[in-house]
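Pasted below: start24.tsv, TSV, C-alpha atoms and all ligand atoms.
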chain	number	residue	atom	x	y	z
A	27	MET	CA	-38.18	-9.31	-53.98
A	28	ASN	CA	-41.24	-8.79	-51.80
A	29	ASN	CA	-42.56	-10.22	-48.54
A	30	ILE	CA	-45.83	-11.92	-49.35
A	31	GLY	CA	-48.15	-13.52	-46.81
A	32	VAL	CA	-50.79	-16.15	-47.48
A	33	ILE	CA	-53.56	-16.89	-44.98
A	34	GLY	CA	-54.97	-20.39	-45.48
A	35	ALA	CA	-52.70	-23.35	-46.16
A	36	GLY	CA	-55.09	-25.43	-48.26
A	37	ALA	CA	-54.71	-26.30	-51.92
A	38	PHE	CA	-55.00	-22.80	-53.38
A	39	GLY	CA	-53.16	-20.90	-50.66
A	40	THR	CA	-50.24	-23.33	-50.91
A	41	ALA	CA	-50.26	-23.14	-54.72
A	42	MET	CA	-50.09	-19.34	-54.71
A	43	ALA	CA	-47.32	-19.47	-52.10
A	44	TYR	CA	-45.32	-21.77	-54.42
A	45	VAL	CA	-45.63	-19.41	-57.39
A	46	PHE	CA	-44.47	-16.35	-55.49
A	47	ALA	CA	-41.62	-18.21	-53.76
A	48	ASN	CA	-40.48	-19.68	-57.08
A	49	ASP	CA	-40.30	-16.12	-58.39
A	50	GLY	CA	-37.78	-15.16	-55.69
A	51	ASN	CA	-40.11	-13.64	-53.08
A	52	HIS	CA	-40.13	-14.38	-49.35
A	53	VAL	CA	-43.46	-16.06	-48.69
A	54	THR	CA	-45.01	-16.73	-45.30
A	55	LEU	CA	-47.78	-19.33	-45.50
A	56	TRP	CA	-49.98	-19.22	-42.41
A	57	GLY	CA	-52.25	-22.13	-41.42
A	58	ARG	CA	-54.32	-22.49	-38.27
A	59	ASP	CA	-53.23	-26.04	-37.42
A	60	GLN	CA	-49.89	-25.88	-35.63
A	61	THR	CA	-49.18	-29.61	-35.91
A	62	LYS	CA	-49.71	-29.58	-39.65
A	63	MET	CA	-47.72	-26.40	-40.20
A	64	ASP	CA	-44.81	-27.74	-38.12
A	65	ALA	CA	-44.93	-30.99	-40.08
A	66	MET	CA	-44.93	-29.02	-43.33
A	67	ALA	CA	-41.88	-27.00	-42.23
A	68	GLN	CA	-40.03	-30.18	-41.19
A	69	SER	CA	-40.90	-32.42	-44.12
A	70	GLY	CA	-40.70	-29.68	-46.77
A	71	VAL	CA	-44.01	-30.70	-48.33
A	72	ASN	CA	-47.74	-30.00	-47.87
A	73	ALA	CA	-48.73	-33.64	-47.43
A	74	ASP	CA	-52.50	-32.98	-47.46
A	75	TYR	CA	-52.79	-30.91	-50.61
A	76	LEU	CA	-49.65	-31.03	-52.76
A	77	PRO	CA	-47.81	-34.17	-51.61
A	78	ASP	CA	-45.74	-34.54	-54.78
A	79	LEU	CA	-44.25	-31.04	-54.92
A	80	PRO	CA	-41.48	-30.10	-52.46
A	81	LEU	CA	-41.84	-26.61	-50.96
A	82	PRO	CA	-39.65	-24.12	-52.80
A	83	ASN	CA	-36.88	-22.12	-51.11
A	84	GLY	CA	-38.22	-18.92	-49.64
A	85	LEU	CA	-41.55	-20.44	-48.50
A	86	LEU	CA	-41.98	-20.42	-44.72
A	87	PRO	CA	-44.93	-22.43	-43.33
A	88	THR	CA	-46.09	-21.20	-39.92
A	89	SER	CA	-49.03	-21.17	-37.51
A	90	ASP	CA	-47.73	-18.02	-35.80
A	91	PHE	CA	-49.93	-15.13	-36.99
A	92	THR	CA	-47.46	-12.50	-35.77
A	93	ARG	CA	-45.10	-13.59	-38.59
A	94	LEU	CA	-47.49	-11.80	-40.99
A	95	SER	CA	-46.97	-8.36	-39.51
A	96	ASP	CA	-44.31	-7.11	-41.95
A	97	MET	CA	-45.66	-8.05	-45.37
A	98	ASP	CA	-45.99	-6.10	-48.64
A	99	ALA	CA	-49.26	-7.92	-49.46
A	100	ILE	CA	-51.33	-10.73	-47.96
A	101	LEU	CA	-53.57	-13.17	-49.82
A	102	MET	CA	-56.66	-14.37	-47.94
A	103	VAL	CA	-57.37	-17.94	-49.06
A	104	VAL	CA	-59.84	-19.54	-46.66
A	105	PRO	CA	-63.24	-20.84	-47.84
A	106	ALA	CA	-65.82	-18.08	-48.27
A	107	GLN	CA	-68.11	-19.15	-45.42
A	108	GLN	CA	-65.14	-19.15	-43.00
A	109	LEU	CA	-63.96	-15.61	-43.69
A	110	ARG	CA	-66.15	-13.70	-41.25
A	111	GLY	CA	-65.24	-16.03	-38.37
A	112	LEU	CA	-61.54	-15.70	-39.12
A	113	LEU	CA	-61.67	-11.89	-39.36
A	114	THR	CA	-63.70	-11.71	-36.15
A	115	GLN	CA	-61.46	-14.00	-34.12
A	116	THR	CA	-58.06	-12.81	-35.33
A	117	ASN	CA	-56.29	-9.58	-34.45
A	118	PHE	CA	-55.29	-7.75	-37.64
A	119	ASP	CA	-54.06	-4.59	-35.86
A	120	LYS	CA	-50.41	-5.26	-36.72
A	121	ILE	CA	-51.19	-5.88	-40.38
A	122	THR	CA	-51.05	-2.75	-42.49
A	123	CYS	CA	-50.47	-4.07	-46.01
A	124	PRO	CA	-53.17	-4.61	-48.68
A	125	ILE	CA	-55.25	-7.77	-48.33
A	126	ILE	CA	-56.21	-9.71	-51.46
A	127	PHE	CA	-59.29	-11.93	-51.29
A	128	CYS	CA	-59.11	-15.16	-53.28
A	129	ALA	CA	-62.11	-17.28	-52.18
A	130	LYS	CA	-64.89	-17.86	-54.69
A	131	GLY	CA	-68.12	-17.74	-52.77
A	132	ILE	CA	-70.90	-15.55	-51.40
A	133	GLU	CA	-71.76	-15.58	-47.70
A	134	THR	CA	-74.99	-17.52	-47.31
A	135	ASP	CA	-76.53	-15.63	-44.40
A	136	SER	CA	-75.87	-12.13	-45.71
A	137	GLY	CA	-75.44	-12.50	-49.48
A	138	LYS	CA	-72.17	-10.58	-49.10
A	139	LEU	CA	-69.04	-10.81	-51.21
A	140	GLN	CA	-65.64	-11.42	-49.62
A	141	THR	CA	-64.50	-7.79	-49.97
A	142	GLU	CA	-67.79	-6.59	-48.45
A	143	ILE	CA	-67.13	-8.71	-45.37
A	144	GLY	CA	-63.52	-7.51	-45.47
A	145	ALA	CA	-64.55	-3.85	-45.59
A	146	GLU	CA	-66.87	-4.38	-42.60
A	147	ARG	CA	-64.27	-6.09	-40.43
A	148	LEU	CA	-61.13	-4.30	-41.70
A	149	PRO	CA	-62.34	-0.79	-42.59
A	150	ASN	CA	-58.83	0.71	-42.67
A	151	HIS	CA	-57.19	-1.82	-44.95
A	152	GLN	CA	-56.71	-1.61	-48.71
A	153	LEU	CA	-58.56	-4.50	-50.35
A	154	ALA	CA	-58.20	-6.30	-53.66
A	155	VAL	CA	-59.24	-9.57	-55.32
A	156	ILE	CA	-57.47	-12.30	-57.27
A	157	THR	CA	-59.73	-14.69	-59.14
A	158	GLY	CA	-60.04	-16.46	-62.48
A	159	PRO	CA	-59.46	-19.81	-64.16
A	160	GLY	CA	-56.70	-21.81	-62.50
A	161	PHE	CA	-56.45	-25.11	-60.67
A	162	ALA	CA	-54.18	-25.21	-57.62
A	163	GLY	CA	-52.15	-28.22	-58.79
A	164	GLU	CA	-51.42	-26.67	-62.20
A	165	ILE	CA	-50.55	-23.27	-60.71
A	166	ALA	CA	-48.21	-24.80	-58.13
A	167	SER	CA	-46.36	-26.81	-60.76
A	168	GLY	CA	-45.72	-23.68	-62.81
A	169	LYS	CA	-48.18	-24.30	-65.64
A	170	PRO	CA	-49.07	-21.02	-67.41
A	171	THR	CA	-52.10	-19.33	-65.88
A	172	ALA	CA	-53.87	-15.99	-66.38
A	173	LEU	CA	-55.98	-14.56	-63.57
A	174	THR	CA	-57.68	-11.24	-62.83
A	175	ILE	CA	-56.46	-8.87	-60.14
A	176	ALA	CA	-59.17	-6.39	-59.24
A	177	ALA	CA	-59.00	-3.32	-57.01
A	178	ASP	CA	-61.29	-0.33	-56.81
A	179	ASP	CA	-58.23	1.88	-56.47
A	180	PRO	CA	-56.35	1.69	-59.82
A	181	THR	CA	-53.02	2.73	-58.30
A	182	LEU	CA	-53.24	-0.12	-55.80
A	183	GLY	CA	-54.29	-2.51	-58.58
A	184	GLU	CA	-51.28	-1.58	-60.73
A	185	ARG	CA	-48.90	-1.92	-57.79
A	186	LEU	CA	-50.22	-5.39	-56.92
A	187	GLN	CA	-50.31	-6.50	-60.56
A	188	GLU	CA	-46.63	-5.60	-60.86
A	189	MET	CA	-45.74	-7.19	-57.51
A	190	LEU	CA	-47.59	-10.48	-57.96
A	191	SER	CA	-47.26	-11.34	-61.66
A	192	THR	CA	-44.62	-14.00	-62.33
A	193	PRO	CA	-43.30	-15.73	-65.47
A	194	SER	CA	-46.02	-18.43	-65.09
A	195	LEU	CA	-48.79	-16.29	-63.59
A	196	ARG	CA	-50.07	-13.43	-65.74
A	197	LEU	CA	-52.38	-11.06	-63.89
A	198	TYR	CA	-54.83	-8.89	-65.84
A	199	LEU	CA	-55.94	-5.71	-64.12
A	200	SER	CA	-59.55	-4.74	-63.40
A	201	ASN	CA	-61.17	-2.03	-61.29
A	202	ASP	CA	-64.38	-4.06	-60.84
A	203	MET	CA	-64.03	-6.07	-57.62
A	204	ARG	CA	-67.74	-6.79	-57.51
A	205	GLY	CA	-67.94	-8.24	-61.02
A	206	ALA	CA	-64.76	-10.27	-60.52
A	207	GLN	CA	-66.09	-11.86	-57.33
A	208	LEU	CA	-69.58	-12.50	-58.65
A	209	GLY	CA	-68.29	-14.33	-61.73
A	210	GLY	CA	-65.95	-16.47	-59.63
A	211	ALA	CA	-68.65	-17.38	-57.12
A	212	LEU	CA	-71.51	-18.07	-59.55
A	213	LYS	CA	-69.47	-20.34	-61.81
A	214	ASN	CA	-69.21	-22.79	-58.90
A	215	VAL	CA	-73.00	-23.16	-58.81
A	216	LEU	CA	-73.05	-23.65	-62.58
A	217	ALA	CA	-70.23	-26.21	-62.32
A	218	ILE	CA	-72.39	-28.26	-59.95
A	219	ALA	CA	-75.24	-28.06	-62.49
A	220	CYS	CA	-72.95	-29.10	-65.37
A	221	GLY	CA	-71.54	-31.93	-63.29
A	222	ILE	CA	-75.05	-33.19	-62.60
A	223	VAL	CA	-75.87	-33.13	-66.31
A	224	ALA	CA	-72.61	-34.89	-67.23
A	225	GLY	CA	-73.00	-37.47	-64.44
A	226	SER	CA	-76.57	-38.16	-65.51
A	227	GLY	CA	-75.32	-38.94	-69.03
A	228	LEU	CA	-77.39	-36.21	-70.66
A	229	GLY	CA	-74.71	-35.27	-73.16
A	230	GLN	CA	-72.46	-32.38	-74.07
A	231	SER	CA	-75.16	-30.46	-75.95
A	232	ALA	CA	-77.08	-30.09	-72.69
A	233	GLN	CA	-73.88	-29.08	-70.92
A	234	ALA	CA	-73.19	-26.34	-73.49
A	235	ALA	CA	-76.77	-25.10	-73.12
A	236	LEU	CA	-76.42	-24.94	-69.34
A	237	MET	CA	-73.13	-23.07	-69.52
A	238	THR	CA	-74.57	-20.52	-71.94
A	239	ARG	CA	-77.83	-20.00	-70.10
A	240	GLY	CA	-75.88	-20.01	-66.84
A	241	PHE	CA	-73.70	-17.22	-68.16
A	242	ALA	CA	-76.87	-15.28	-69.08
A	243	GLU	CA	-78.03	-15.73	-65.49
A	244	THR	CA	-74.67	-14.57	-64.11
A	245	SER	CA	-74.77	-11.51	-66.38
A	246	ARG	CA	-78.33	-10.60	-65.35
A	247	LEU	CA	-77.47	-10.66	-61.67
A	248	GLY	CA	-74.08	-9.06	-62.17
A	249	LEU	CA	-75.43	-6.13	-64.19
A	250	ALA	CA	-78.26	-5.61	-61.69
A	251	MET	CA	-75.62	-5.44	-58.94
A	252	GLY	CA	-73.45	-2.94	-60.80
A	253	ALA	CA	-70.81	-5.27	-62.24
A	254	LYS	CA	-69.34	-4.55	-65.67
A	255	ILE	CA	-70.13	-6.84	-68.58
A	256	GLU	CA	-66.44	-6.82	-69.62
A	257	THR	CA	-65.58	-8.28	-66.22
A	258	LEU	CA	-68.31	-10.92	-66.36
A	259	SER	CA	-67.20	-11.99	-69.85
A	260	GLY	CA	-63.49	-11.94	-68.91
A	261	LEU	CA	-61.19	-14.38	-67.13
A	262	SER	CA	-62.91	-14.10	-63.76
A	263	GLY	CA	-66.39	-14.83	-65.15
A	264	PHE	CA	-66.71	-16.55	-68.51
A	265	GLY	CA	-63.12	-17.84	-68.38
A	266	ASP	CA	-63.55	-19.58	-65.04
A	267	LEU	CA	-66.99	-20.85	-66.02
A	268	VAL	CA	-65.49	-22.62	-69.04
A	269	LEU	CA	-62.72	-24.20	-66.97
A	270	THR	CA	-64.80	-25.29	-64.00
A	271	CYS	CA	-67.87	-26.47	-65.91
A	272	THR	CA	-65.87	-28.81	-68.14
A	273	SER	CA	-63.23	-30.40	-65.93
A	274	LYS	CA	-63.28	-33.23	-63.45
A	275	GLN	CA	-60.35	-31.48	-61.73
A	276	SER	CA	-63.02	-29.11	-60.39
A	277	ARG	CA	-64.39	-30.16	-57.03
A	278	ASN	CA	-67.72	-28.46	-57.76
A	279	PHE	CA	-68.08	-30.22	-61.12
A	280	SER	CA	-67.11	-33.56	-59.53
A	281	PHE	CA	-69.60	-33.00	-56.71
A	282	GLY	CA	-72.34	-32.55	-59.32
A	283	TYR	CA	-71.07	-35.48	-61.39
A	284	THR	CA	-71.28	-37.89	-58.45
A	285	LEU	CA	-74.70	-36.54	-57.57
A	286	GLY	CA	-75.93	-37.00	-61.15
A	287	GLN	CA	-74.43	-40.47	-61.44
A	288	THR	CA	-75.25	-41.95	-58.04
A	289	GLY	CA	-77.59	-39.55	-56.24
A	290	ALA	CA	-75.02	-39.20	-53.42
A	291	PHE	CA	-73.78	-35.93	-51.92
A	292	SER	CA	-69.98	-35.93	-51.69
A	293	THR	CA	-68.38	-34.59	-48.52
A	294	GLY	CA	-64.94	-33.75	-47.20
A	295	LYS	CA	-63.77	-31.11	-49.67
A	296	THR	CA	-64.38	-27.42	-50.27
A	297	TYR	CA	-67.42	-27.26	-52.57
A	298	GLU	CA	-68.07	-23.51	-52.59
A	299	GLY	CA	-71.04	-23.78	-54.98
A	300	VAL	CA	-73.16	-25.58	-52.38
A	301	ALA	CA	-73.41	-22.62	-50.00
A	302	THR	CA	-73.28	-20.07	-52.81
A	303	ALA	CA	-76.35	-21.59	-54.52
A	304	LYS	CA	-78.41	-20.54	-51.51
A	305	ALA	CA	-76.80	-17.11	-51.38
A	306	CYS	CA	-77.68	-16.61	-55.07
A	307	LEU	CA	-81.35	-17.01	-54.34
A	308	LYS	CA	-81.17	-14.24	-51.74
A	309	LEU	CA	-79.48	-11.93	-54.22
A	310	ALA	CA	-81.86	-12.92	-57.04
A	311	GLU	CA	-84.78	-11.94	-54.84
A	312	GLN	CA	-83.14	-8.75	-53.60
A	313	PHE	CA	-82.25	-7.59	-57.13
A	314	ASN	CA	-85.40	-8.99	-58.73
A	315	VAL	CA	-83.57	-11.19	-61.21
A	316	GLU	CA	-84.60	-14.62	-62.54
A	317	MET	CA	-82.04	-17.36	-61.81
A	318	PRO	CA	-83.71	-20.66	-62.70
A	319	ILE	CA	-80.49	-22.68	-62.85
A	320	ALA	CA	-79.25	-21.51	-59.43
A	321	GLN	CA	-82.76	-22.11	-58.08
A	322	THR	CA	-82.76	-25.65	-59.45
A	323	VAL	CA	-79.33	-26.41	-57.99
A	324	ALA	CA	-80.42	-25.04	-54.61
A	325	ASP	CA	-83.61	-27.13	-54.71
A	326	ILE	CA	-81.67	-30.30	-55.50
A	327	LEU	CA	-79.16	-29.61	-52.72
A	328	ASP	CA	-81.98	-28.93	-50.29
A	329	GLY	CA	-83.62	-32.23	-51.18
A	330	GLN	CA	-86.69	-30.44	-52.48
A	331	MET	CA	-86.27	-31.84	-55.99
A	332	ASP	CA	-84.66	-34.94	-57.45
A	333	VAL	CA	-82.43	-34.71	-60.49
A	334	PRO	CA	-84.90	-36.06	-63.12
A	335	SER	CA	-87.71	-33.70	-62.01
A	336	ALA	CA	-85.26	-30.78	-61.88
A	337	LEU	CA	-84.29	-31.41	-65.48
A	338	THR	CA	-87.91	-31.72	-66.57
A	339	SER	CA	-88.70	-28.48	-64.80
A	340	LEU	CA	-85.83	-26.62	-66.53
A	341	MET	CA	-86.80	-27.96	-69.96
A	342	SER	CA	-90.48	-27.13	-69.52
A	343	ARG	CA	-90.05	-23.47	-68.57
A	344	PRO	CA	-92.11	-21.11	-70.74
A	345	LEU	CA	-90.51	-20.56	-74.14
A	346	LYS	CA	-88.81	-17.19	-74.35
A	347	ALA	CA	-86.46	-15.03	-76.38
A	348	GLU	CA	-82.75	-15.74	-75.94
A	349	ASN	CA	-81.91	-12.30	-74.55
B	401	LIG	N1	-58.28	-25.27	-55.29
B	401	LIG	C1	-58.30	-24.50	-56.37
B	401	LIG	O1	-57.91	-24.92	-57.47
B	401	LIG	C2	-58.77	-23.09	-56.26
B	401	LIG	C3	-59.47	-22.64	-55.16
B	401	LIG	N2	-59.90	-21.35	-55.10
B	401	LIG	C4	-60.69	-20.85	-53.98
B	401	LIG	O2	-59.85	-20.74	-52.84
B	401	LIG	C5	-60.64	-20.94	-51.66
B	401	LIG	C6	-59.95	-21.97	-50.79
B	401	LIG	O3	-59.91	-23.16	-51.56
B	401	LIG	P1	-58.84	-24.29	-51.35
B	401	LIG	O4	-57.56	-23.77	-50.84
B	401	LIG	O5	-58.80	-25.07	-52.61
B	401	LIG	O6	-59.59	-25.11	-50.22
B	401	LIG	P2	-58.98	-26.25	-49.29
B	401	LIG	O7	-60.13	-27.00	-48.76
B	401	LIG	O8	-57.91	-26.97	-50.02
B	401	LIG	O9	-58.29	-25.44	-48.12
B	401	LIG	C7	-58.96	-24.57	-47.27
B	401	LIG	C8	-58.00	-24.21	-46.14
B	401	LIG	O10	-58.62	-23.21	-45.34
B	401	LIG	C9	-58.39	-23.54	-44.00
B	401	LIG	N3	-59.44	-22.94	-43.17
B	401	LIG	C10	-60.75	-23.22	-43.15
B	401	LIG	N4	-61.38	-22.47	-42.25
B	401	LIG	C11	-60.44	-21.69	-41.68
B	401	LIG	C12	-60.47	-20.71	-40.66
B	401	LIG	N5	-61.58	-20.36	-40.06
B	401	LIG	N6	-59.30	-20.13	-40.32
B	401	LIG	C13	-58.15	-20.47	-40.92
B	401	LIG	N7	-58.05	-21.39	-41.89
B	401	LIG	C14	-59.19	-21.99	-42.26
B	401	LIG	C15	-58.43	-25.08	-43.96
B	401	LIG	O11	-57.76	-25.56	-42.81
B	401	LIG	C16	-57.68	-25.39	-45.24
B	401	LIG	O12	-56.29	-25.43	-45.03
B	401	LIG	C17	-62.04	-21.39	-52.13
B	401	LIG	O13	-62.91	-20.30	-52.09
B	401	LIG	C18	-61.80	-21.80	-53.58
B	401	LIG	O14	-62.96	-21.57	-54.38
B	401	LIG	C19	-59.64	-20.45	-56.08
B	401	LIG	C20	-58.94	-20.85	-57.19
B	401	LIG	C21	-58.49	-22.20	-57.40
B	402	LIG	O1	-61.92	-22.20	-58.99
B	402	LIG	C1	-61.33	-23.15	-59.45
B	402	LIG	C2	-60.62	-23.09	-60.73
B	402	LIG	O2	-60.55	-21.81	-61.25
B	402	LIG	C3	-61.37	-24.44	-58.71
B	402	LIG	O3	-62.63	-24.96	-58.80
B	402	LIG	P1	-63.17	-26.01	-57.72
B	402	LIG	O4	-63.26	-25.27	-56.41
B	402	LIG	O5	-64.48	-26.46	-58.26
B	402	LIG	O6	-62.16	-27.12	-57.67

Translate the structure described by the file into structure tokens.
Ligand SMILES: NC(=O)C1=CN([C@@H]2O[C@H](COP(=O)(O)OP(=O)(O)OC[C@H]3O[C@@H](n4cnc5c(N)ncnc54)[C@H](O)[C@@H]3O)[C@@H](O)[C@H]2O)C=CC1
Ligand SMILES: O=C(CO)COP(=O)(O)O
Amino acid sequence: MNNIGVIGAGAFGTAMAYVFANDGNHVTLWGRDQTKMDAMAQSGVNADYLPDLPLPNGLLPTSDFTRLSDMDAILMVVPAQQLRGLLTQTNFDKITCPIIFCAKGIETDSGKLQTEIGAERLPNHQLAVITGPGFAGEIASGKPTALTIAADDPTLGERLQEMLSTPSLRLYLSNDMRGAQLGGALKNVLAIACGIVAGSGLGQSAQAALMTRGFAETSRLGLAMGAKIETLSGLSGFGDLVLTCTSKQSRNFSFGYTLGQTGAFSTGKTYEGVATAKACLKLAEQFNVEMPIAQTVADILDGQMDVPSALTSLMSRPLKAEN
């Protein structure tokens, strides 16, 4: 039995809290909204995100940050663009355990990954990453899921893998935090692209082409940034790309689908690919890598291109070799 903390009481933070509590751990789920966290503790359910699943025994919802001071590990599960603000405004002095970053996005202004922001703001903490193919609702209800746990320090990685794997959640170990985060962030941009294609009724052949060429784009940037190809083609990269680019359960795919079908930009949910598309362009420029699909998604989101001209532009690029 371990004490596990989760920062961020949205869909994914709550889902991970369920899994660990169901495995017999003591889990403290911290959310910033006191009214909502009190309501969650009283009603025994997260009404906003998982209304049909009662909180398991051993899961304590709280808005009191000091309750996180005696944990064996803490998962950080707030949207990628919110991380820096949270780390800047919150006092982590009493927290000494490893922190595991779970958001799938790249900071727009800086082009930084979550662990890079973490290392800047929390230079004395041990950092790791959990990422890979898994929808919150399925994970919370105990459906079998395999994710990647990545840590630069292999001893830390092994300890966390052992601590956080459960009968329904199988964690595969990696020492490539950079590759794991890049794959998880870039697939959200590609999911928007695939959603647009599906919503526009362009067919599954086009969707398969986008996924494949999108993976080539991810690999180009990843390798230029020092990621390992085994990571990019593993659960955190290729695996999550397959899941997110083919399922309407994905918010990013659904965002693209609505855009392709109606021309409207959905709002109100966490669509990480929207901000990450812009961040990709910064990294593409910095590492001198071609990313035509990310560029097209960013142009559409910026209103610089409509969907039909974006598709024409992608199809009329100069003919080239596949690799
Ligand atoms: N939902 C899913 O199936 C999965 C989501 N993820 C990733 O997890 C991250 C979070 O996603 P979700 O939980 O689904 O999003 P969500 O929109 O359901 O929840 C986000 C939560 O973060 C909180 N939050 C936002 N800004 C905050 C701040 N400054 N301080 C404290 N709390 C703050 C919100 O109040 C909300 O409770 C995203 O990067 C997503 O890509 C990863 C795997 C699966
Ligand atoms: O990352 C996810 C599944 O692995 C969830 O994707 P969405 O954020 O698009 O819903």

Find the smallest box with edges along x, y and z containing every listed atom of ligand LIG 402 (chain B), then add 8 Å on each side and report centre and edge lengths in Å to one decimal, as JSON.
{"center_x": -62.5, "center_y": -24.5, "center_z": -58.8, "size_x": 19.9, "size_y": 21.3, "size_z": 20.8}

As a quick test: using only C-alpha atoms and all ligand atoms, which residues lie no more than 9 Å away from ligand LIG 401 (chain B)? Give them as a PDB file with C-alpha atoms, in the frame of the given file.
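What landed in result.pdb:
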ATOM      1  CA  ILE A  33     -53.560 -16.890 -44.980  1.00  0.00           C
ATOM      2  CA  GLY A  34     -54.970 -20.390 -45.480  1.00  0.00           C
ATOM      3  CA  ALA A  35     -52.700 -23.350 -46.160  1.00  0.00           C
ATOM      4  CA  GLY A  36     -55.090 -25.430 -48.260  1.00  0.00           C
ATOM      5  CA  ALA A  37     -54.710 -26.300 -51.920  1.00  0.00           C
ATOM      6  CA  PHE A  38     -55.000 -22.800 -53.380  1.00  0.00           C
ATOM      7  CA  GLY A  39     -53.160 -20.900 -50.660  1.00  0.00           C
ATOM      8  CA  THR A  40     -50.240 -23.330 -50.910  1.00  0.00           C
ATOM      9  CA  ALA A  41     -50.260 -23.140 -54.720  1.00  0.00           C
ATOM     10  CA  TRP A  56     -49.980 -19.220 -42.410  1.00  0.00           C
ATOM     11  CA  GLY A  57     -52.250 -22.130 -41.420  1.00  0.00           C
ATOM     12  CA  ARG A  58     -54.320 -22.490 -38.270  1.00  0.00           C
ATOM     13  CA  ASP A  59     -53.230 -26.040 -37.420  1.00  0.00           C
ATOM     14  CA  ASP A  74     -52.500 -32.980 -47.460  1.00  0.00           C
ATOM     15  CA  TYR A  75     -52.790 -30.910 -50.610  1.00  0.00           C
ATOM     16  CA  MET A 102     -56.660 -14.370 -47.940  1.00  0.00           C
ATOM     17  CA  VAL A 103     -57.370 -17.940 -49.060  1.00  0.00           C
ATOM     18  CA  VAL A 104     -59.840 -19.540 -46.660  1.00  0.00           C
ATOM     19  CA  PRO A 105     -63.240 -20.840 -47.840  1.00  0.00           C
ATOM     20  CA  ALA A 106     -65.820 -18.080 -48.270  1.00  0.00           C
ATOM     21  CA  GLN A 107     -68.110 -19.150 -45.420  1.00  0.00           C
ATOM     22  CA  GLN A 108     -65.140 -19.150 -43.000  1.00  0.00           C
ATOM     23  CA  LEU A 109     -63.960 -15.610 -43.690  1.00  0.00           C
ATOM     24  CA  ARG A 110     -66.150 -13.700 -41.250  1.00  0.00           C
ATOM     25  CA  GLY A 111     -65.240 -16.030 -38.370  1.00  0.00           C
ATOM     26  CA  LEU A 112     -61.540 -15.700 -39.120  1.00  0.00           C
ATOM     27  CA  LEU A 113     -61.670 -11.890 -39.360  1.00  0.00           C
ATOM     28  CA  GLN A 115     -61.460 -14.000 -34.120  1.00  0.00           C
ATOM     29  CA  THR A 116     -58.060 -12.810 -35.330  1.00  0.00           C
ATOM     30  CA  PHE A 127     -59.290 -11.930 -51.290  1.00  0.00           C
ATOM     31  CA  CYS A 128     -59.110 -15.160 -53.280  1.00  0.00           C
ATOM     32  CA  ALA A 129     -62.110 -17.280 -52.180  1.00  0.00           C
ATOM     33  CA  LYS A 130     -64.890 -17.860 -54.690  1.00  0.00           C
ATOM     34  CA  GLY A 131     -68.120 -17.740 -52.770  1.00  0.00           C
ATOM     35  CA  ILE A 156     -57.470 -12.300 -57.270  1.00  0.00           C
ATOM     36  CA  THR A 157     -59.730 -14.690 -59.140  1.00  0.00           C
ATOM     37  CA  GLY A 158     -60.040 -16.460 -62.480  1.00  0.00           C
ATOM     38  CA  PRO A 159     -59.460 -19.810 -64.160  1.00  0.00           C
ATOM     39  CA  GLY A 160     -56.700 -21.810 -62.500  1.00  0.00           C
ATOM     40  CA  PHE A 161     -56.450 -25.110 -60.670  1.00  0.00           C
ATOM     41  CA  ALA A 162     -54.180 -25.210 -57.620  1.00  0.00           C
ATOM     42  CA  GLY A 163     -52.150 -28.220 -58.790  1.00  0.00           C
ATOM     43  CA  GLU A 164     -51.420 -26.670 -62.200  1.00  0.00           C
ATOM     44  CA  ILE A 165     -50.550 -23.270 -60.710  1.00  0.00           C
ATOM     45  CA  GLY A 210     -65.950 -16.470 -59.630  1.00  0.00           C
ATOM     46  CA  ALA A 211     -68.650 -17.380 -57.120  1.00  0.00           C
ATOM     47  CA  ASN A 214     -69.210 -22.790 -58.900  1.00  0.00           C
ATOM     48  CA  GLN A 275     -60.350 -31.480 -61.730  1.00  0.00           C
ATOM     49  CA  SER A 276     -63.020 -29.110 -60.390  1.00  0.00           C
ATOM     50  CA  ARG A 277     -64.390 -30.160 -57.030  1.00  0.00           C
ATOM     51  CA  GLY A 294     -64.940 -33.750 -47.200  1.00  0.00           C
ATOM     52  CA  LYS A 295     -63.770 -31.110 -49.670  1.00  0.00           C
ATOM     53  CA  THR A 296     -64.380 -27.420 -50.270  1.00  0.00           C
ATOM     54  CA  TYR A 297     -67.420 -27.260 -52.570  1.00  0.00           C
ATOM     55  CA  GLU A 298     -68.070 -23.510 -52.590  1.00  0.00           C
ATOM     56  CA  GLY A 299     -71.040 -23.780 -54.980  1.00  0.00           C
TER      57      GLY A 299
END

Need to verify the contact set: A:Met66, 10 Å, all atoms listed in the file, exclusion of same-chain residues closer than 4 positions in sequence. Can you return it as a PyMOL selection string?
chain A and resi 60-62+70-74+80-81+86-88

Work out how far apart atom CA of A:Ile175 and atom CA of A:Gln207 are and give it in Å to one decimal.
10.5 Å

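Between atom CA of A:Thr134 and atom CA of A:Leu76 there is a distance of 29.2 Å.
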
Mind pulling up the distance from atom CA of A:Asp179 to atom CA of A:Leu195?
21.7 Å

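Look at A:Leu101: the protein and nucleic acid residues within 6 Å of it, using all atoms listed in the file and passing over chain neighbours fewer than 6 places away, are Val32, Ile125 and Ile126 of chain A.
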
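The residue that comes closest to ligand LIG 402 (chain B), out of A:Val215, A:Ala232, A:Leu337, A:Glu348 and on the basis of all atoms listed in the file, is A:Val215.
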
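Of the residues listed (A:Ala290, A:Ile132, A:Leu236, A:Leu85), A:Ile132 shows the shortest atom-to-atom separation from A:Lys304; distances use only C-alpha atoms.
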
For A:Ser245: contacts at 8 Å, all atoms listed in the file, fewer than 3 positions along chain excluded, given as a PyMOL selection string:
chain A and resi 241-242+248-249+255+258
